[in-house]
Structures are given as structure tokens and as C-alpha cells.
Amino acid sequence: MSTQEFCPRQPTEDELLERMIRRLGYASPAAVGDDILRGIARAVEQGLDRVRVRSLWKRTPLVSWGTGVLQGEGMRIRSPKWAALATRMQGPELLVCFVLTLGGELESLMSGMQQGSLFEAYLLDAVGSELAEGAAEEFERHVSSALLAEGLQSTARFSPGYCDWNLGEGQAAIFHFLAPESIGVRCTPTGMMSPRKSVTGALVAARRIARRFPCWFCREEECSYRRDGRARWGREGSSSWPVADGG
Amino acid sequence: MDVTDSELCQALEDAVCARDAGAVERVFASVDDAAIRSEDAGRALSNGVEKVRLRYRDGQVSIPEFLLSIDVFRQGVRRLRAREPGTPVVGQGAGVVIGVVEGDTHDMGKNIVAAVLEASGYRVFDAGRDVSRKVFLDMLAETHAPLLALSTLMSAPLEKMREIIEWTRGLHPGVKILVGGAPLDERIARALGADGYAENAVAAPDEVARLLGQARRADEAIPG
């Protein structure tokens with residue numbers, strides 16, 4: 001199947017403001033000081049003005065999933081835990097990979113800001129992370145419902161650098177598979193993407209999936225990204241799934 | 001205006017605590033330059049940051065509030081440096097070389113830690129981001145800083161971090177090494193060979209003080 005584009009819906013200013021307030025650990029807008037609220041609102045406006053989300057995705061039949069590797073046609077994921085999850089599915093069929101990016105404008109603005117105001121740069125960075133995570137979330141919903149229409153269930157999305165999927169190796173595989181240079185995304189040998197607010201990931205589709213992620217059989221109790229109700233999630237109070245650049 | 005140096009300093013400290021950049025400007029506008037000593041004013045601004053840092057540690061203020069206080073501190077320091085170029089204002093304590101290791105350009109956290117350490121009185125030498133081993137070692141040789149602070153937000157550069165730590169141990173054995181960043185915790189920091197780990201910017205000054213205290217004790221223990 002050929003590479004496809006997906007354009008997530010941009011949140012409104014009010015929606016993003018509310019999400020940012022939660023992301024920063026405040027219980028409600030009333031708990032935020034006026035000066036901080038003004039700063040968040042400014043960052044939201046600047047972020048929405050500069051972000052242009054672009055994404056690419058492609059699916060491939062899942063050829064094999066033994067020996068710690070999920071093997072598609074032209075795409076290979078070496079992750080013993082996700083491969084072990086596939087062995088617990090009924091009829092694993094597809095591997096879906098994606099790349100999405102917010103573009104480079106936000107980053108340029110942010111790096112200029114750090115000399116002047118750490119407060120403003122931090123908020124803008126957080127807006128970028130929130131938008132990237134939101135876009136990845138929406139992509140996952142979009143693909144999952146399309147697959148469901150075909151009678152397939154899907155796992156949660158997972159990204160290189162998380163769980164046991166090596167960052168450098170995973171990025172190299174996804175970049176070879178999707179060639180996201182066409183939407184302006186590049187990757188270094190260490191796996192760092194440019195623009196930095198970009199997300200890569202994959203998900204597996206099968207006829208029946210009882211568990212959407214491998215945490216339920218994983219013994220790493222202290223894992224920061226555990227997704228089984230005991231998750232500690234991000235280290236700065238984020239309640240969202242982390243983006244590939246670490247937020 | 002009939003105000004004392006200590007009243008002006010208190011006003012600067014309060015301005016940092018209240019995240020009020022306008023108040024800093026009003027203090028400087030209200031008196032002529034001779035009425036307030038730069039050293040005292042710098043200390044007052046630092047005291048403000050320290051108070052807010054402790055409030056953050058106790059859960060009384062949020063990260064954005066803390067950062068806004070740091071912005072006010074930095075504005076005050078810029079004002080002091082502008083009126084007396086070349087005069088030490090803050091950050092004249094022990095030296096800290098800080099940077100993001102090679103392979104990573106995420107520097108927001110590093111910049112926040114650098115600002116907090118400067119506000120806490122350390123002399124910060126910022127190596128920047130995506131920094132090679134050679135640059136870190138050269139900076140340690142040039143500055144004679146007793147502490148190296150390394151960060152990364154990604155897992156891939158951890159191997160580079162380990163190399164930098166090994167080489168620092170070999171060439172600058174007295175230097176203490178602090179690490180921080182998303183893929184790290186105390187266990188990983190120890191495995192990499194670091195002396196200390198700071199979970200966030202607010203914890204960094206305490207950890208730096210602990211490590212430098214250890215270094216001083218080690219020096220004192222050397223006979224002769």
C-alpha cells in the first residue's frame with residue numbers, strides 16, 4: 001500500500017488553553033495566576049499561528065512476529081516485548097507506521113526566546129509537545145477506526161526509543177520505510193529528528209487483540225511509561241503519552 | 001528618595017518573589033546608581049530566586065511561576081551588568097561547566113539548570129548543546145571548574161555521556177560529575193560513573209552543593 005497523508009484537526013485556542021492548563025499541573029484556570037495565564041494564552045496563540053502539522057503513514061502486511069522481531073514488507077521492528085504481544089493476538093495481520101511533524105517555525109521562535117525569557121520559551125515548548133501528542137493521538141484514533149471498519153483491532157501506538165525498541169535503529173527503519181524527508185523531517189544517526197517536534201511510531205493490527213500494549217506482562221515495575229493504570233508517565237507531570245523527542 | 005541600601009535590596013528580592021519585572025525597573029529608576037551597590041543588589045536578586053526555589057520544592061509554586069521569577073532575576077542582573085560593565089554581579093562562586101552531550105540538541109532543561117545555578121551563586125560556563133567530549137575537556141582545563149554537569153533528553157547519547165565521564169575521570173580526577181535528563185535516574189547515573197544525579201532544575205543547586213562539599217572534604221583529607 002502506498003504512503004498516505006493525514007491532516008489532524010487543529011485544536012481551537014480555548015481547547016488548547018484548557019489542555020495546557022492541565023498539562024502544567026493546574027487543577028483549573030482559577031488556580032492559575034493572572035501573569036501565568038496571560039503567558040499561557042500568548043504561547044497558545046503563537047503556537048497555533050506557527051504550527052502546520054504534516055504527516056505520512058503506510059501499512060504493510062505483517063510477515064512474521066517471532067524471535068523478538070515484527071517483520072513487515074520493507075519494515076522491521078526489533079522489539080521482543082511488542083513481538084511477544086503479537087504472539088498473544090488472534091491473527092496478527094498488519095503493521096502501520098507513521099511520521100508527523102509540527103514543522104520548524106515553532107522551534108525557530110523558541111530558540112530565539114531562550115536568551116530573553118525562559119518562561120515564554122518553556123511554555124512554547126510545552127505547547128509544541130501538547131500539539132504533537134494531540135496530533136499523534138488523533139492519528140491513532142483515525143487509523144484505529146479505519147482498521148475497525150475492515151474488521152481489525154489495533155494496539156496502542158508505540159515509538160522508537162520507548163519500551164525495548166532502540167531509538168536509532170527504530171528511526172532508521174521508519175525513515176527508510178516512509179521517506180518523510182518529503183514533508184521536511186530528517187533524522188540524525190542518534191535518532192534525533194529535525195524539526196524536533198516530530199513523532200514517529202507504529203501500531204499492529206489483528207483480528208482480535210485482548211491487550212493493546214505489553215506492559216501487562218512486563219516485569220519492569222519502575223518503568224516511567226508503564227501503561228497499566230500505575231503509570232508514572234512523564235517526569236514533569238504530563239498526563240499524556242510521550243512524543244518521540246521526549247516531550 | 002530617602003531609602004536605604006537594604007530597603008532597595010529587599011524591594012529587589014520581593015520583586016523576584018512576586019515575579020514582578022516592573023518592580024525591578026521601578027527600583028532602579030527610583031534611585032541613582034550610587035545608591036545601591038551592585039554586589040548587594042545581585043545578592044538580593046539571588047535571594048529571591050532561592051526563596052522561590054524552596055517554595056517550588058515544597059509544592060507551593062509551579063514550574064512556570066519559578067521560571068518567571070528567574071526571568072525577573074535575569075532582567076535585574078542584565079540591568080546591573082549594563083550600568084557597571086565588567087563588574088561581578090552574581091555567579092562568582094565555584095565554577096560549573098554545563099552542556100548537552102553530543103547527539104542531542106534539546107537544551108531547554110540545560111538552560112533552566114544553568115540559570116538556576118547562576119542564581120544560586122555558581123559561576124556557570126555554558127558549553128551549549130550537541131557538545132563533543134573534546135569541548136567539555138578543553139573547557140574543564142581552561143576554567144578549572146570543579147564540577148561538570150551533563151544532560152541529555154534522549155537515550156542514544158548516553159554512551160557518549162559515559163565516554164565523557166570516563167575521560168573526565170582520567171584527565172581531571174578532582175572534578176565532580178553531575179548528570180540529569182529524561183532517560184536518567186539515580187541508578188543509571190551511578191552505572192554511567194557519575195557522582196550525582198539531579199532529577200530537575202530545582203534539585204540541581206542542592207546536588208551541586210553536596211558534591212562540592214564532598215570534593216572539599218576529599219581535598220582536606222589529603223595529607224600535606
# chains A, B, ... in the order shown; residues from 1 in each chain; ligands from 1
>>> interface_residues(of="chain B", to="chain A", cutoff="12 Å", atoms="only C-alpha atoms", output="ChimeraX atom specification")
/B:18-21,59-75,78,101-116,129-130,152-160,180-185,187,199-201
>>> residues_around(residues="Ala35 (chain B)", least_positions_apart="5", cutoff="12 Å", atoms="only C-alpha atoms", output="compact mmCIF listing (two decimals) with N, CA, C and O atoms, in the first residue's frame")
# COMPACT_ATOMS: atom_id res chain seq x y z
N MET B 1 15.02 60.55 46.98
CA MET B 1 14.29 59.48 47.67
C MET B 1 15.14 58.96 48.83
O MET B 1 16.31 58.66 48.67
N ASP B 2 14.50 58.91 49.99
CA ASP B 2 15.27 58.57 51.18
C ASP B 2 15.06 57.10 51.54
O ASP B 2 14.25 56.76 52.40
N VAL B 3 15.77 56.25 50.85
CA VAL B 3 15.66 54.83 51.17
C VAL B 3 17.06 54.27 51.37
O VAL B 3 18.03 54.76 50.79
N THR B 4 17.16 53.25 52.16
CA THR B 4 18.48 52.68 52.43
C THR B 4 18.78 51.58 51.42
O THR B 4 17.89 51.07 50.74
N ASP B 5 20.06 51.23 51.40
CA ASP B 5 20.50 50.14 50.52
C ASP B 5 19.74 48.86 50.84
O ASP B 5 19.29 48.15 49.95
N SER B 6 19.54 48.60 52.13
CA SER B 6 18.87 47.35 52.49
C SER B 6 17.39 47.37 52.09
O SER B 6 16.83 46.34 51.72
N GLU B 7 16.76 48.54 52.12
CA GLU B 7 15.36 48.61 51.68
C GLU B 7 15.26 48.35 50.18
O GLU B 7 14.35 47.66 49.72
N LEU B 8 16.22 48.90 49.44
CA LEU B 8 16.23 48.67 47.99
C LEU B 8 16.46 47.20 47.68
O LEU B 8 15.82 46.62 46.79
N CYS B 9 17.38 46.61 48.43
CA CYS B 9 17.66 45.18 48.22
C CYS B 9 16.43 44.34 48.54
O CYS B 9 16.11 43.39 47.83
N VAL B 27 12.60 49.99 40.95
CA VAL B 27 13.66 50.15 41.94
C VAL B 27 14.85 50.87 41.32
O VAL B 27 15.37 51.85 41.88
N PHE B 28 15.27 50.41 40.15
CA PHE B 28 16.44 51.04 39.51
C PHE B 28 16.14 52.47 39.08
O PHE B 28 17.02 53.33 39.10
N ALA B 29 14.90 52.71 38.67
CA ALA B 29 14.54 54.06 38.22
C ALA B 29 14.41 55.03 39.38
O ALA B 29 14.54 56.24 39.21
N SER B 30 14.18 54.48 40.59
CA SER B 30 13.87 55.36 41.72
C SER B 30 15.11 55.95 42.38
O SER B 30 15.00 56.87 43.17
N ASP B 40 25.41 43.93 46.41
CA ASP B 40 24.25 43.75 47.30
C ASP B 40 22.99 43.47 46.49
O ASP B 40 22.17 42.61 46.85
N ALA B 41 22.84 44.23 45.40
CA ALA B 41 21.65 44.06 44.57
C ALA B 41 21.64 42.66 43.94
O ALA B 41 20.59 42.00 43.90
>>> select_by_dssp(residues="region 96-173 of chain A", states="helix (DSSP H, G or I)", output="PyMOL selection string")
chain A and resi 105-113+118-149+167-173
>>> select_by_dssp(residues="region 1-241 of chain A", states="strand (DSSP E or B)", output="number ranges by chain")
A: 4-5, 54-64, 69-72, 76-78, 90-101, 153-154, 158, 186-187, 193-194, 198-208
>>> residues_around(residues="Arg83 (chain B)", least_positions_apart="5", cutoff="12 Å", atoms="only C-alpha atoms", output="compact mmCIF listing (two decimals) with N, CA, C and O atoms, in the first residue's frame")
# COMPACT_ATOMS: atom_id res chain seq x y z
N PHE B 28 15.27 50.41 40.15
CA PHE B 28 16.44 51.04 39.51
C PHE B 28 16.14 52.47 39.08
O PHE B 28 17.02 53.33 39.10
N ASP B 32 19.58 56.87 42.08
CA ASP B 32 20.72 56.95 41.17
C ASP B 32 21.65 55.76 41.45
O ASP B 32 21.55 55.10 42.49
N ASP B 33 22.53 55.49 40.50
CA ASP B 33 23.33 54.27 40.56
C ASP B 33 24.15 54.13 41.84
O ASP B 33 24.39 53.02 42.31
N ALA B 34 24.55 55.23 42.41
CA ALA B 34 25.41 55.17 43.59
C ALA B 34 24.66 54.70 44.83
O ALA B 34 25.25 54.28 45.82
N ILE B 36 22.83 52.17 45.36
CA ILE B 36 22.72 50.73 45.61
C ILE B 36 23.95 50.02 45.05
O ILE B 36 24.35 50.24 43.92
N ARG B 37 24.58 49.22 45.90
CA ARG B 37 25.81 48.51 45.46
C ARG B 37 25.43 47.29 44.63
O ARG B 37 24.53 46.53 45.00
N SER B 38 26.15 47.12 43.51
CA SER B 38 25.81 46.02 42.59
C SER B 38 25.88 44.67 43.29
O SER B 38 25.03 43.79 43.06
N GLY B 76 17.06 41.77 36.20
CA GLY B 76 17.78 42.59 37.18
C GLY B 76 19.29 42.50 36.99
O GLY B 76 20.00 43.52 37.05
N VAL B 77 19.77 41.29 36.74
CA VAL B 77 21.22 41.09 36.55
C VAL B 77 21.69 41.83 35.29
O VAL B 77 22.74 42.48 35.30
N ARG B 78 20.88 41.74 34.23
CA ARG B 78 21.25 42.47 32.99
C ARG B 78 21.34 43.96 33.26
O ARG B 78 22.23 44.66 32.78
N PRO B 88 31.68 42.06 38.66
CA PRO B 88 30.98 40.82 39.04
C PRO B 88 29.68 41.17 39.77
O PRO B 88 29.69 41.98 40.68
N VAL B 89 28.60 40.57 39.34
CA VAL B 89 27.31 40.86 39.97
C VAL B 89 26.79 39.63 40.70
O VAL B 89 26.48 39.66 41.88
>>> residues_around(residues="Glu13 (chain B)", least_positions_apart="6", cutoff="7 Å", atoms="only C-alpha atoms", output="list in words")
Ala44, Leu45, Asn47 and Gly48 of chain B
>>> write_last_selection(atoms="all heavy atoms", output="PDB file, in the first residue's frame")
ATOM      1  N   ALA B  44      20.623  40.217  46.495  1.00  0.00           N
ATOM      2  CA  ALA B  44      19.179  40.301  46.771  1.00  0.00           C
ATOM      3  C   ALA B  44      18.376  39.569  45.704  1.00  0.00           C
ATOM      4  O   ALA B  44      17.424  38.839  46.012  1.00  0.00           O
ATOM      5  CB  ALA B  44      18.760  41.772  46.822  1.00  0.00           C
ATOM      6  N   LEU B  45      18.774  39.759  44.452  1.00  0.00           N
ATOM      7  CA  LEU B  45      18.073  39.075  43.366  1.00  0.00           C
ATOM      8  C   LEU B  45      18.210  37.555  43.530  1.00  0.00           C
ATOM      9  O   LEU B  45      17.247  36.800  43.356  1.00  0.00           O
ATOM     10  CB  LEU B  45      18.631  39.522  42.007  1.00  0.00           C
ATOM     11  CG  LEU B  45      18.361  40.985  41.614  1.00  0.00           C
ATOM     12  CD1 LEU B  45      19.268  41.414  40.453  1.00  0.00           C
ATOM     13  CD2 LEU B  45      16.895  41.190  41.236  1.00  0.00           C
ATOM     14  N   ASN B  47      18.760  35.944  46.319  1.00  0.00           N
ATOM     15  CA  ASN B  47      17.959  35.514  47.477  1.00  0.00           C
ATOM     16  C   ASN B  47      16.504  35.275  47.074  1.00  0.00           C
ATOM     17  O   ASN B  47      15.852  34.351  47.552  1.00  0.00           O
ATOM     18  CB  ASN B  47      17.990  36.573  48.587  1.00  0.00           C
ATOM     19  CG  ASN B  47      19.334  36.606  49.292  1.00  0.00           C
ATOM     20  OD1 ASN B  47      20.136  35.680  49.154  1.00  0.00           O
ATOM     21  ND2 ASN B  47      19.606  37.690  50.014  1.00  0.00           N
ATOM     22  N   GLY B  48      16.025  36.147  46.188  1.00  0.00           N
ATOM     23  CA  GLY B  48      14.646  35.992  45.704  1.00  0.00           C
ATOM     24  C   GLY B  48      14.464  34.654  45.003  1.00  0.00           C
ATOM     25  O   GLY B  48      13.506  33.926  45.260  1.00  0.00           O
TER      26      GLY B  48
END
>>> residues_around(residues="Cys97 (chain A)", least_positions_apart="2", cutoff="7 Å", atoms="only C-alpha atoms", output="PyMOL selection string")
chain A and resi 57-59+95+174+201-203
>>> write_last_selection(atoms="all heavy atoms", output="mmCIF file, in the first residue's frame")
data_model
loop_
_atom_site.group_PDB
_atom_site.id
_atom_site.type_symbol
_atom_site.label_atom_id
_atom_site.label_comp_id
_atom_site.auth_asym_id
_atom_site.auth_seq_id
_atom_site.Cartn_x
_atom_site.Cartn_y
_atom_site.Cartn_z
ATOM 1 N N TRP A 57 1.831 8.171 6.540
ATOM 2 C CA TRP A 57 1.722 6.830 7.127
ATOM 3 C C TRP A 57 1.575 5.784 6.043
ATOM 4 O O TRP A 57 1.169 6.084 4.920
ATOM 5 C CB TRP A 57 0.593 6.764 8.152
ATOM 6 C CG TRP A 57 -0.798 6.878 7.612
ATOM 7 C CD1 TRP A 57 -1.446 8.025 7.226
ATOM 8 C CD2 TRP A 57 -1.732 5.810 7.420
ATOM 9 N NE1 TRP A 57 -2.711 7.745 6.817
ATOM 10 C CE2 TRP A 57 -2.920 6.389 6.918
ATOM 11 C CE3 TRP A 57 -1.684 4.432 7.629
ATOM 12 C CZ2 TRP A 57 -4.055 5.631 6.623
ATOM 13 C CZ3 TRP A 57 -2.812 3.669 7.338
ATOM 14 C CH2 TRP A 57 -3.982 4.276 6.837
ATOM 15 N N LYS A 58 1.900 4.575 6.401
ATOM 16 C CA LYS A 58 1.833 3.470 5.439
ATOM 17 C C LYS A 58 1.640 2.169 6.208
ATOM 18 O O LYS A 58 2.140 2.036 7.324
ATOM 19 C CB LYS A 58 3.148 3.417 4.643
ATOM 20 C CG LYS A 58 3.100 2.481 3.449
ATOM 21 C CD LYS A 58 4.171 2.804 2.414
ATOM 22 C CE LYS A 58 5.495 2.174 2.677
ATOM 23 N NZ LYS A 58 6.444 2.283 1.562
ATOM 24 N N ARG A 59 0.930 1.240 5.584
ATOM 25 C CA ARG A 59 0.736 -0.063 6.225
ATOM 26 C C ARG A 59 1.379 -1.160 5.388
ATOM 27 O O ARG A 59 1.530 -1.009 4.174
ATOM 28 C CB ARG A 59 -0.755 -0.337 6.430
ATOM 29 C CG ARG A 59 -1.574 -0.188 5.175
ATOM 30 C CD ARG A 59 -3.038 -0.113 5.510
ATOM 31 N NE ARG A 59 -3.658 -1.418 5.256
ATOM 32 C CZ ARG A 59 -4.966 -1.656 5.396
ATOM 33 N NH1 ARG A 59 -5.771 -0.708 5.824
ATOM 34 N NH2 ARG A 59 -5.472 -2.837 5.135
ATOM 35 N N LEU A 95 1.095 -4.084 9.971
ATOM 36 C CA LEU A 95 1.935 -3.151 10.711
ATOM 37 C C LEU A 95 1.677 -1.778 10.081
ATOM 38 O O LEU A 95 1.692 -1.652 8.855
ATOM 39 C CB LEU A 95 3.393 -3.572 10.493
ATOM 40 C CG LEU A 95 4.480 -3.053 11.400
ATOM 41 C CD1 LEU A 95 4.173 -3.337 12.851
ATOM 42 C CD2 LEU A 95 5.805 -3.714 11.011
ATOM 43 N N ILE A 174 12.023 3.329 10.234
ATOM 44 C CA ILE A 174 10.837 4.118 9.839
ATOM 45 C C ILE A 174 11.186 5.100 8.716
ATOM 46 O O ILE A 174 10.420 5.274 7.757
ATOM 47 C CB ILE A 174 10.246 4.856 11.067
ATOM 48 C CG1 ILE A 174 9.545 3.835 11.974
ATOM 49 C CG2 ILE A 174 9.261 5.933 10.637
ATOM 50 C CD1 ILE A 174 8.859 4.442 13.176
ATOM 51 N N GLY A 201 6.172 6.516 14.899
ATOM 52 C CA GLY A 201 5.595 5.419 15.670
ATOM 53 C C GLY A 201 5.013 4.342 14.786
ATOM 54 O O GLY A 201 5.073 4.416 13.550
ATOM 55 N N ALA A 202 4.469 3.341 15.461
ATOM 56 C CA ALA A 202 3.884 2.208 14.750
ATOM 57 C C ALA A 202 2.736 1.647 15.576
ATOM 58 O O ALA A 202 2.610 1.961 16.775
ATOM 59 C CB ALA A 202 4.947 1.121 14.551
ATOM 60 N N LEU A 203 1.902 0.857 14.942
ATOM 61 C CA LEU A 203 0.927 0.053 15.673
ATOM 62 C C LEU A 203 0.670 -1.229 14.889
ATOM 63 O O LEU A 203 0.945 -1.300 13.691
ATOM 64 C CB LEU A 203 -0.343 0.827 16.005
ATOM 65 C CG LEU A 203 -1.040 1.661 14.936
ATOM 66 C CD1 LEU A 203 -2.023 0.809 14.205
ATOM 67 C CD2 LEU A 203 -1.773 2.812 15.605
#
>>> closest_residue(among="A:Ala135, A:Ala31, A:Leu100, A:Val69", to="Ala86 (chain A)", atoms="only C-alpha atoms")
A:Val69
>>> atom_distance(atom1="CA of Gln153 (chain A)", atom2="CA of Ala205 (chain A)")
5.5 Å
>>> atom_distance(atom1="CA of Gly74 (chain A)", atom2="CA of Gly103 (chain A)")
26.5 Å
>>> residues_around(residues="region 49-55 of chain A", least_positions_apart="2", cutoff="8 Å", atoms="only C-alpha atoms", output="list in words")
Glu5, Phe6, Cys7, Pro8, Glu45, Gln46, Gly47, Trp57, Phe98, Val99, Leu100, Thr101, Leu102, Gly103, Glu105, Leu106, Ala135 and Ile183 of chain A
>>> atom_distance(atom1="CA of Cys223 (chain A)", atom2="CA of Val199 (chain A)")
20.6 Å
